[in-house]
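Novice: Sharing query_18.txt (compact mmCIF, N, CA, C and O atoms) below.
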```
# COMPACT_ATOMS: atom_id res chain seq x y z
N MET A 3 -7.43 -29.57 40.41
CA MET A 3 -8.03 -30.66 39.68
C MET A 3 -7.15 -30.98 38.48
O MET A 3 -6.75 -30.11 37.74
N VAL A 4 -6.81 -32.24 38.31
CA VAL A 4 -5.98 -32.68 37.20
C VAL A 4 -6.88 -33.15 36.07
O VAL A 4 -7.82 -33.90 36.27
N ARG A 5 -6.58 -32.67 34.89
CA ARG A 5 -7.38 -33.04 33.73
C ARG A 5 -6.67 -34.13 32.94
O ARG A 5 -5.47 -34.08 32.73
N LEU A 6 -7.47 -35.08 32.49
CA LEU A 6 -6.94 -36.07 31.57
C LEU A 6 -6.84 -35.42 30.20
O LEU A 6 -7.73 -34.69 29.78
N LYS A 7 -5.74 -35.67 29.52
CA LYS A 7 -5.58 -35.10 28.20
C LYS A 7 -6.43 -35.88 27.20
O LYS A 7 -6.31 -37.09 27.08
N VAL A 8 -7.30 -35.17 26.53
CA VAL A 8 -8.18 -35.77 25.52
C VAL A 8 -7.79 -35.18 24.18
O VAL A 8 -7.71 -33.97 24.03
N LYS A 9 -7.53 -36.06 23.23
CA LYS A 9 -7.20 -35.59 21.89
C LYS A 9 -8.47 -35.12 21.22
O LYS A 9 -9.37 -35.90 20.92
N GLU A 10 -8.57 -33.84 21.06
CA GLU A 10 -9.74 -33.23 20.43
C GLU A 10 -9.23 -32.08 19.58
O GLU A 10 -8.36 -31.33 20.01
N PRO A 11 -9.72 -31.95 18.36
CA PRO A 11 -9.24 -30.85 17.53
C PRO A 11 -9.53 -29.50 18.18
O PRO A 11 -10.54 -29.33 18.85
N LYS A 12 -8.63 -28.57 17.97
CA LYS A 12 -8.80 -27.24 18.54
C LYS A 12 -9.15 -26.26 17.43
O LYS A 12 -8.76 -26.44 16.28
N HIS A 13 -9.89 -25.22 17.80
CA HIS A 13 -10.26 -24.16 16.86
C HIS A 13 -9.81 -22.83 17.44
O HIS A 13 -9.81 -22.65 18.66
N GLN A 14 -9.46 -21.94 16.57
CA GLN A 14 -9.03 -20.62 17.00
C GLN A 14 -10.23 -19.69 17.08
O GLN A 14 -11.09 -19.70 16.20
N PHE A 15 -10.29 -18.87 18.15
CA PHE A 15 -11.35 -17.88 18.33
C PHE A 15 -10.72 -16.55 18.70
O PHE A 15 -9.63 -16.51 19.28
N SER A 16 -11.41 -15.50 18.40
CA SER A 16 -10.95 -14.16 18.77
C SER A 16 -11.84 -13.62 19.88
O SER A 16 -13.05 -13.81 19.85
N VAL A 17 -11.22 -12.97 20.84
CA VAL A 17 -11.97 -12.30 21.90
C VAL A 17 -11.40 -10.90 22.07
O VAL A 17 -10.24 -10.65 21.79
N MET A 18 -12.25 -10.00 22.53
CA MET A 18 -11.82 -8.63 22.80
C MET A 18 -11.56 -8.51 24.30
O MET A 18 -12.45 -8.81 25.11
N LEU A 19 -10.35 -8.11 24.66
CA LEU A 19 -9.98 -7.96 26.06
C LEU A 19 -9.34 -6.60 26.29
O LEU A 19 -8.70 -6.05 25.39
N LYS A 20 -9.49 -6.10 27.50
CA LYS A 20 -8.82 -4.85 27.86
C LYS A 20 -7.31 -5.11 27.93
O LYS A 20 -6.89 -6.19 28.35
N PRO A 21 -6.52 -4.13 27.51
CA PRO A 21 -5.06 -4.31 27.57
C PRO A 21 -4.55 -4.68 28.96
O PRO A 21 -3.61 -5.47 29.09
N SER A 22 -5.19 -4.16 30.00
CA SER A 22 -4.76 -4.49 31.37
C SER A 22 -4.97 -5.97 31.68
O SER A 22 -4.17 -6.59 32.40
N VAL A 23 -6.03 -6.55 31.12
CA VAL A 23 -6.29 -7.99 31.33
C VAL A 23 -5.25 -8.81 30.59
O VAL A 23 -4.70 -9.78 31.14
N VAL A 24 -4.93 -8.43 29.37
CA VAL A 24 -3.92 -9.15 28.59
C VAL A 24 -2.56 -9.06 29.29
O VAL A 24 -1.84 -10.06 29.38
N ALA A 25 -2.24 -7.90 29.84
CA ALA A 25 -0.97 -7.74 30.55
C ALA A 25 -0.90 -8.67 31.75
O ALA A 25 0.15 -9.29 32.02
N GLU A 26 -2.00 -8.80 32.46
CA GLU A 26 -2.01 -9.69 33.63
C GLU A 26 -1.92 -11.16 33.21
O GLU A 26 -1.21 -11.95 33.83
N ILE A 27 -2.61 -11.50 32.13
CA ILE A 27 -2.51 -12.87 31.60
C ILE A 27 -1.07 -13.16 31.21
O ILE A 27 -0.52 -14.21 31.54
N ASP A 28 -0.44 -12.22 30.52
CA ASP A 28 0.95 -12.41 30.09
C ASP A 28 1.88 -12.57 31.29
O ASP A 28 2.82 -13.38 31.27
N LYS A 29 1.62 -11.82 32.37
CA LYS A 29 2.45 -11.90 33.58
C LYS A 29 2.39 -13.32 34.15
O LYS A 29 3.42 -13.91 34.46
N TYR A 30 1.17 -13.86 34.28
CA TYR A 30 1.03 -15.21 34.83
C TYR A 30 1.53 -16.28 33.87
O TYR A 30 2.10 -17.29 34.29
N ALA A 31 1.33 -16.08 32.59
CA ALA A 31 1.83 -17.04 31.60
C ALA A 31 3.35 -17.14 31.70
O ALA A 31 3.90 -18.25 31.73
N GLU A 32 4.01 -16.01 31.80
CA GLU A 32 5.47 -16.01 31.92
C GLU A 32 5.90 -16.65 33.24
O GLU A 32 6.82 -17.46 33.28
N LYS A 33 5.21 -16.30 34.32
CA LYS A 33 5.55 -16.83 35.65
C LYS A 33 5.48 -18.36 35.68
O LYS A 33 6.31 -19.01 36.31
N TYR A 34 4.50 -18.93 34.99
CA TYR A 34 4.31 -20.37 35.02
C TYR A 34 4.78 -21.07 33.74
O TYR A 34 4.41 -22.21 33.47
N ASP A 35 5.58 -20.35 32.95
CA ASP A 35 6.19 -20.90 31.75
C ASP A 35 5.16 -21.50 30.79
O ASP A 35 5.29 -22.63 30.32
N LEU A 36 4.11 -20.73 30.54
CA LEU A 36 3.06 -21.11 29.59
C LEU A 36 2.97 -20.04 28.52
O LEU A 36 3.37 -18.90 28.72
N THR A 37 2.41 -20.41 27.38
CA THR A 37 2.10 -19.39 26.39
C THR A 37 0.80 -18.70 26.81
O THR A 37 0.04 -19.22 27.63
N ARG A 38 0.57 -17.53 26.27
CA ARG A 38 -0.69 -16.83 26.53
C ARG A 38 -1.86 -17.72 26.16
O ARG A 38 -2.84 -17.84 26.89
N SER A 39 -1.77 -18.38 25.02
CA SER A 39 -2.84 -19.25 24.55
C SER A 39 -3.09 -20.41 25.52
O SER A 39 -4.24 -20.74 25.82
N GLN A 40 -2.01 -21.04 26.00
CA GLN A 40 -2.17 -22.14 26.94
C GLN A 40 -2.86 -21.68 28.22
O GLN A 40 -3.77 -22.35 28.72
N LEU A 41 -2.43 -20.55 28.77
CA LEU A 41 -3.02 -20.06 30.01
C LEU A 41 -4.48 -19.69 29.80
O LEU A 41 -5.34 -20.04 30.61
N MET A 42 -4.79 -19.01 28.70
CA MET A 42 -6.17 -18.62 28.44
C MET A 42 -7.06 -19.84 28.26
O MET A 42 -8.19 -19.88 28.76
N ALA A 43 -6.57 -20.87 27.57
CA ALA A 43 -7.35 -22.09 27.39
C ALA A 43 -7.61 -22.76 28.75
O ALA A 43 -8.73 -23.20 29.03
N ASN A 44 -6.58 -22.80 29.61
CA ASN A 44 -6.75 -23.37 30.94
C ASN A 44 -7.76 -22.57 31.76
O ASN A 44 -8.61 -23.15 32.45
N LEU A 45 -7.68 -21.25 31.69
CA LEU A 45 -8.62 -20.40 32.43
C LEU A 45 -10.05 -20.61 31.96
O LEU A 45 -10.98 -20.66 32.76
N MET A 46 -10.23 -20.76 30.65
CA MET A 46 -11.57 -20.98 30.11
C MET A 46 -12.13 -22.31 30.58
O MET A 46 -13.30 -22.40 30.96
N GLU A 47 -11.31 -23.35 30.58
CA GLU A 47 -11.79 -24.66 31.03
C GLU A 47 -12.15 -24.65 32.51
O GLU A 47 -13.17 -25.21 32.92
N VAL A 48 -11.32 -24.02 33.32
CA VAL A 48 -11.62 -23.92 34.76
C VAL A 48 -12.89 -23.10 34.97
O VAL A 48 -13.75 -23.45 35.77
N GLY A 49 -13.03 -22.01 34.21
CA GLY A 49 -14.24 -21.19 34.30
C GLY A 49 -15.49 -21.97 33.94
O GLY A 49 -16.53 -21.83 34.57
N LEU A 50 -15.39 -22.81 32.91
CA LEU A 50 -16.53 -23.65 32.52
C LEU A 50 -16.87 -24.66 33.61
O LEU A 50 -18.04 -24.90 33.89
N ASP A 51 -15.84 -25.23 34.25
CA ASP A 51 -16.10 -26.14 35.37
C ASP A 51 -16.87 -25.42 36.47
O ASP A 51 -17.82 -25.96 37.04
N GLU A 52 -16.46 -24.20 36.76
CA GLU A 52 -17.09 -23.42 37.82
C GLU A 52 -18.55 -23.09 37.47
O GLU A 52 -19.43 -23.24 38.31
N ILE A 53 -18.79 -22.63 36.25
CA ILE A 53 -20.16 -22.25 35.90
C ILE A 53 -21.06 -23.48 35.82
O ILE A 53 -22.25 -23.40 36.15
N ARG A 54 -20.51 -24.63 35.42
CA ARG A 54 -21.32 -25.86 35.42
C ARG A 54 -21.78 -26.20 36.84
O ARG A 54 -22.95 -26.53 37.07
N ALA A 55 -20.85 -26.11 37.79
CA ALA A 55 -21.19 -26.43 39.19
C ALA A 55 -22.21 -25.42 39.73
O ALA A 55 -23.19 -25.81 40.37
N LEU A 56 -22.00 -24.15 39.48
CA LEU A 56 -22.93 -23.12 39.95
C LEU A 56 -24.29 -23.27 39.29
O LEU A 56 -25.33 -23.05 39.92
N ASP A 57 -24.30 -23.67 38.01
CA ASP A 57 -25.56 -23.84 37.30
C ASP A 57 -26.36 -25.02 37.88
O ASP A 57 -27.57 -24.93 38.03
N ARG A 58 -25.66 -26.09 38.23
CA ARG A 58 -26.34 -27.25 38.84
C ARG A 58 -27.01 -26.86 40.15
O ARG A 58 -28.03 -27.42 40.53
N LEU A 59 -26.41 -25.91 40.86
CA LEU A 59 -26.98 -25.46 42.13
C LEU A 59 -28.04 -24.38 41.95
O LEU A 59 -28.67 -23.95 42.92
N GLY A 60 -28.24 -23.93 40.71
CA GLY A 60 -29.22 -22.87 40.45
C GLY A 60 -28.71 -21.48 40.77
O GLY A 60 -29.48 -20.52 40.78
N LEU A 61 -27.41 -21.36 41.03
CA LEU A 61 -26.87 -20.06 41.44
C LEU A 61 -26.63 -19.11 40.27
O LEU A 61 -26.69 -17.90 40.44
N VAL A 62 -26.36 -19.64 39.09
CA VAL A 62 -26.12 -18.76 37.94
C VAL A 62 -27.39 -17.99 37.62
O VAL A 62 -27.37 -16.77 37.45
N GLN A 63 -28.51 -18.70 37.59
CA GLN A 63 -29.79 -18.05 37.31
C GLN A 63 -30.10 -17.01 38.39
O GLN A 63 -30.59 -15.92 38.10
N THR A 64 -29.79 -17.33 39.65
CA THR A 64 -30.03 -16.39 40.74
C THR A 64 -29.20 -15.12 40.58
O THR A 64 -29.70 -14.02 40.77
N VAL A 65 -27.94 -15.28 40.20
CA VAL A 65 -27.07 -14.12 39.99
C VAL A 65 -27.60 -13.25 38.86
O VAL A 65 -27.68 -12.03 38.98
N PHE A 66 -27.99 -13.87 37.74
CA PHE A 66 -28.51 -13.10 36.62
C PHE A 66 -29.82 -12.41 36.98
O PHE A 66 -30.07 -11.29 36.56
N MET A 67 -30.64 -13.08 37.78
CA MET A 67 -31.90 -12.48 38.22
C MET A 67 -31.61 -11.25 39.09
O MET A 67 -32.21 -10.19 38.93
N GLY A 68 -30.65 -11.39 40.01
CA GLY A 68 -30.27 -10.26 40.86
C GLY A 68 -29.70 -9.11 40.05
O GLY A 68 -30.00 -7.94 40.31
N THR A 69 -28.90 -9.44 39.06
CA THR A 69 -28.33 -8.40 38.18
C THR A 69 -29.43 -7.68 37.43
O THR A 69 -29.42 -6.45 37.30
N ASN A 70 -30.43 -8.41 36.95
CA ASN A 70 -31.55 -7.82 36.23
C ASN A 70 -32.38 -6.91 37.15
O ASN A 70 -32.79 -5.82 36.75
N ILE A 71 -32.60 -7.36 38.38
CA ILE A 71 -33.34 -6.54 39.35
C ILE A 71 -32.59 -5.24 39.61
O ILE A 71 -33.20 -4.16 39.64
N MET A 72 -31.28 -5.32 39.82
CA MET A 72 -30.49 -4.10 40.07
C MET A 72 -30.52 -3.17 38.87
O MET A 72 -30.61 -1.96 39.03
N LYS A 73 -30.47 -3.71 37.67
CA LYS A 73 -30.52 -2.89 36.46
C LYS A 73 -31.85 -2.14 36.39
O LYS A 73 -31.87 -0.93 36.15
N LYS A 74 -32.96 -2.85 36.65
CA LYS A 74 -34.28 -2.21 36.61
C LYS A 74 -34.42 -1.17 37.72
O LYS A 74 -34.99 -0.10 37.51
N PHE A 75 -33.87 -1.46 38.90
CA PHE A 75 -33.93 -0.50 39.99
C PHE A 75 -33.15 0.77 39.65
O PHE A 75 -33.63 1.88 39.87
N LYS A 76 -31.95 0.61 39.09
CA LYS A 76 -31.15 1.77 38.71
C LYS A 76 -31.87 2.61 37.66
O LYS A 76 -31.87 3.84 37.72
N GLU A 77 -32.49 1.94 36.67
CA GLU A 77 -33.24 2.67 35.64
C GLU A 77 -34.37 3.46 36.28
O GLU A 77 -34.58 4.63 35.94
N ALA A 78 -35.10 2.85 37.21
CA ALA A 78 -36.21 3.53 37.88
C ALA A 78 -35.70 4.67 38.74
O ALA A 78 -36.29 5.75 38.80
N LEU A 79 -34.57 4.47 39.39
CA LEU A 79 -33.98 5.50 40.25
C LEU A 79 -33.55 6.70 39.42
O LEU A 79 -33.87 7.85 39.74
N PHE A 80 -32.85 6.46 38.33
CA PHE A 80 -32.35 7.55 37.49
C PHE A 80 -33.47 8.25 36.72
O PHE A 80 -33.34 9.42 36.38
N SER A 81 -34.57 7.55 36.48
CA SER A 81 -35.69 8.18 35.77
C SER A 81 -36.61 8.92 36.73
O SER A 81 -37.53 9.61 36.29
N GLY A 82 -36.38 8.78 38.03
CA GLY A 82 -37.19 9.47 39.02
C GLY A 82 -38.44 8.71 39.44
O GLY A 82 -39.25 9.23 40.21
N LYS A 83 -38.61 7.49 38.97
CA LYS A 83 -39.78 6.70 39.33
C LYS A 83 -39.70 6.19 40.77
O LYS A 83 -40.71 5.90 41.39
N VAL A 84 -38.49 6.04 41.27
CA VAL A 84 -38.30 5.67 42.67
C VAL A 84 -37.24 6.58 43.26
O VAL A 84 -36.44 7.18 42.54
N SER A 85 -37.25 6.68 44.59
CA SER A 85 -36.21 7.45 45.26
C SER A 85 -35.88 6.75 46.58
O SER A 85 -36.61 5.89 47.04
N VAL A 86 -34.77 7.14 47.15
CA VAL A 86 -34.36 6.61 48.44
C VAL A 86 -34.32 7.79 49.40
O VAL A 86 -33.65 8.79 49.16
N ASN A 87 -35.10 7.69 50.50
CA ASN A 87 -35.16 8.81 51.44
C ASN A 87 -33.96 8.80 52.38
O ASN A 87 -33.09 7.92 52.30
N GLU A 88 -33.91 9.77 53.30
CA GLU A 88 -32.76 9.92 54.20
C GLU A 88 -32.57 8.71 55.11
O GLU A 88 -31.47 8.42 55.55
N GLU A 89 -33.66 7.99 55.41
CA GLU A 89 -33.56 6.80 56.26
C GLU A 89 -33.12 5.56 55.47
O GLU A 89 -32.95 4.49 56.03
N GLY A 90 -33.01 5.70 54.15
CA GLY A 90 -32.60 4.58 53.31
C GLY A 90 -33.75 3.74 52.80
O GLY A 90 -33.55 2.69 52.23
N ASN A 91 -34.97 4.23 53.00
CA ASN A 91 -36.15 3.52 52.52
C ASN A 91 -36.45 3.90 51.07
O ASN A 91 -36.26 5.05 50.67
N ILE A 92 -36.94 2.93 50.32
CA ILE A 92 -37.27 3.16 48.92
C ILE A 92 -38.68 3.71 48.83
O ILE A 92 -39.61 3.18 49.44
N GLU A 93 -38.84 4.78 48.09
CA GLU A 93 -40.16 5.38 47.86
C GLU A 93 -40.49 5.28 46.39
O GLU A 93 -39.72 5.71 45.54
N ILE A 94 -41.64 4.68 46.08
CA ILE A 94 -42.08 4.51 44.70
C ILE A 94 -43.09 5.59 44.39
O ILE A 94 -44.08 5.76 45.10
N LYS A 95 -42.84 6.33 43.33
CA LYS A 95 -43.75 7.40 42.94
C LYS A 95 -44.85 6.83 42.06
O LYS A 95 -44.60 6.10 41.12
N GLN A 96 -46.07 7.14 42.41
CA GLN A 96 -47.24 6.64 41.69
C GLN A 96 -47.54 7.57 40.52
O GLN A 96 -47.44 8.79 40.63
N ASP A 97 -47.95 6.96 39.40
CA ASP A 97 -48.38 7.75 38.25
C ASP A 97 -49.75 8.33 38.59
O ASP A 97 -50.65 7.63 39.05
N LYS A 98 -49.89 9.63 38.36
CA LYS A 98 -51.20 10.26 38.61
C LYS A 98 -52.00 10.24 37.32
O LYS A 98 -51.59 10.79 36.32
N LYS A 99 -53.14 9.55 37.37
CA LYS A 99 -54.00 9.45 36.18
C LYS A 99 -55.10 10.47 36.31
O LYS A 99 -55.65 10.72 37.37
N LYS A 100 -55.43 11.08 35.20
CA LYS A 100 -56.46 12.13 35.18
C LYS A 100 -57.81 11.56 34.96
O LYS A 100 -58.07 10.58 34.39
```
Would you mind giving the structure from this file in structure tokens?
Specialist:
Amino acid sequence: MVRLKVKEPKHQFSVMLKPSVVAEIDKYAEKYDLTRSQLMANLMEVGLDEIRALDRLGLVQTVFMGTNIMKKFKEALFSGKVSVNEEGNIEIKQDKKK
């Protein structure tokens, strides 16, 4: 997708990245004769285009919902509230009330 150049003021932001990610960004920036900043700005804009499209389809919310379900399942599994038997079935342990 080709972007029309729009004159808009730019602002500087700081982000925390793993050194391995920065190394990979630098590799591609050098390969395509871009600065790190130019490549990162391009990646952010493309990423925003992608999330906008996924959001219009309702897929972003679905992914976050699935992530939340998996987080809650892992918490229940590690706390012993649920278990997975040898057949792969989920067993939910009931609280015994006195």
Novice: Please provide as number ranges by chain all residues within 8 Å of A:Ile27, with the sequence filter that same-chain residues fewer than 4 positions apart are discarded (counting only C-alpha atoms).
Specialist: A: 23, 31, 38, 41-42
Novice: Could you state the separation of atom CA of A:Asp28 and atom CA of A:Asn44 in Å, given to one decimal place?
Specialist: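 Result for atom CA of A:Asp28 versus atom CA of A:Asn44: 13.4 Å, one decimal.
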Novice: Quick one: residues within 6 Å of A:Lys95, all atoms listed in the file counted, chain neighbours fewer than 2 positions away excluded, as a PyMOL selection string?
Specialist: chain A and resi 82-85+93+97
Novice: Rounded to one decimal in Å, what is the spacing between atom CA of A:Gln96 and atom CA of A:Met67?
Specialist: 24.8 Å
Novice: Tell me, in Å to one decimal, how far atom O of A:Ile53 is from atom N of A:Gly68.
Specialist: 15.2 Å
Novice: Identify, with DSSP run on backbone atoms, the residues in stretch 7-99 of chain A assigned to strand (DSSP E or B), and express the list as a list in words.
Specialist: Val84, Ser85, Val86, Ile92, Glu93 and Ile94 of chain A
Novice: Just asking: which residues within chain A are helix (DSSP H, G or I) according to DSSP, as a PyMOL selection string?
Specialist: chain A and resi 21-33+38-58+61-81
Novice: Can you write stretch 7-18 of chain A from the block above with all heavy atoms, as a compact mmCIF listing (two decimals), in the first residue's frame?
Specialist:
```
# COMPACT_ATOMS: atom_id res chain seq x y z
N LYS A 7 2.05 11.31 1.20
CA LYS A 7 2.77 12.05 2.22
C LYS A 7 1.92 13.21 2.70
O LYS A 7 1.49 14.04 1.92
CB LYS A 7 4.12 12.53 1.71
CG LYS A 7 5.09 11.40 1.48
CD LYS A 7 6.49 11.90 1.37
CE LYS A 7 7.40 10.70 1.24
NZ LYS A 7 8.77 11.04 1.46
N VAL A 8 1.68 13.23 4.00
CA VAL A 8 0.89 14.30 4.61
C VAL A 8 1.82 15.06 5.54
O VAL A 8 2.49 14.47 6.38
CB VAL A 8 -0.30 13.71 5.40
CG1 VAL A 8 -1.08 14.82 6.09
CG2 VAL A 8 -1.20 12.91 4.48
N LYS A 9 1.86 16.36 5.36
CA LYS A 9 2.68 17.19 6.25
C LYS A 9 1.98 17.30 7.58
O LYS A 9 0.92 17.92 7.70
CB LYS A 9 2.90 18.58 5.64
CG LYS A 9 3.76 18.58 4.42
CD LYS A 9 5.19 18.29 4.79
CE LYS A 9 6.08 18.33 3.56
NZ LYS A 9 7.44 18.02 3.85
N GLU A 10 2.53 16.66 8.56
CA GLU A 10 1.97 16.68 9.91
C GLU A 10 3.15 16.72 10.87
O GLU A 10 4.14 16.02 10.67
CB GLU A 10 1.14 15.40 10.12
CG GLU A 10 0.43 15.35 11.44
CD GLU A 10 -0.43 14.08 11.57
OE1 GLU A 10 -0.68 13.42 10.57
OE2 GLU A 10 -0.80 13.80 12.70
N PRO A 11 3.08 17.56 11.88
CA PRO A 11 4.21 17.61 12.81
C PRO A 11 4.43 16.26 13.48
O PRO A 11 3.50 15.52 13.74
CB PRO A 11 3.80 18.67 13.83
CG PRO A 11 2.37 18.95 13.61
CD PRO A 11 1.98 18.41 12.27
N LYS A 12 5.68 15.96 13.74
CA LYS A 12 6.02 14.70 14.38
C LYS A 12 6.46 14.97 15.82
O LYS A 12 6.98 16.03 16.14
CB LYS A 12 7.14 14.00 13.62
CG LYS A 12 6.73 13.58 12.23
CD LYS A 12 7.84 12.85 11.53
CE LYS A 12 7.39 12.43 10.14
NZ LYS A 12 8.43 11.70 9.43
N HIS A 13 6.23 13.97 16.67
CA HIS A 13 6.63 14.05 18.07
C HIS A 13 7.49 12.84 18.38
O HIS A 13 7.28 11.76 17.83
CB HIS A 13 5.41 14.06 19.00
CG HIS A 13 4.50 15.23 18.78
ND1 HIS A 13 4.72 16.45 19.36
CD2 HIS A 13 3.40 15.37 18.02
CE1 HIS A 13 3.79 17.29 18.97
NE2 HIS A 13 2.96 16.65 18.15
N GLN A 14 8.41 13.04 19.27
CA GLN A 14 9.29 11.95 19.67
C GLN A 14 8.69 11.21 20.85
O GLN A 14 8.16 11.82 21.78
CB GLN A 14 10.67 12.49 20.05
CG GLN A 14 11.66 11.41 20.39
CD GLN A 14 13.06 11.99 20.59
OE1 GLN A 14 13.33 13.14 20.27
NE2 GLN A 14 13.94 11.18 21.14
N PHE A 15 8.76 9.86 20.82
CA PHE A 15 8.28 9.01 21.91
C PHE A 15 9.36 7.99 22.25
O PHE A 15 10.16 7.62 21.40
CB PHE A 15 7.00 8.27 21.50
CG PHE A 15 5.83 9.19 21.29
CD1 PHE A 15 5.57 9.72 20.03
CD2 PHE A 15 5.01 9.54 22.34
CE1 PHE A 15 4.51 10.57 19.83
CE2 PHE A 15 3.94 10.39 22.14
CZ PHE A 15 3.69 10.91 20.89
N SER A 16 9.33 7.53 23.46
CA SER A 16 10.26 6.49 23.88
C SER A 16 9.49 5.19 24.08
O SER A 16 8.37 5.20 24.60
CB SER A 16 10.94 6.86 25.20
OG SER A 16 11.72 8.01 25.03
N VAL A 17 10.09 4.10 23.65
CA VAL A 17 9.51 2.78 23.88
C VAL A 17 10.61 1.87 24.41
O VAL A 17 11.78 2.06 24.13
CB VAL A 17 8.89 2.17 22.60
CG1 VAL A 17 7.71 2.98 22.11
CG2 VAL A 17 9.91 2.00 21.51
N MET A 18 10.19 0.88 25.18
CA MET A 18 11.13 -0.11 25.70
C MET A 18 11.05 -1.35 24.81
O MET A 18 9.96 -1.90 24.63
CB MET A 18 10.78 -0.47 27.14
CG MET A 18 10.80 0.70 28.11
SD MET A 18 12.47 1.31 28.42
CE MET A 18 13.12 -0.02 29.40
```
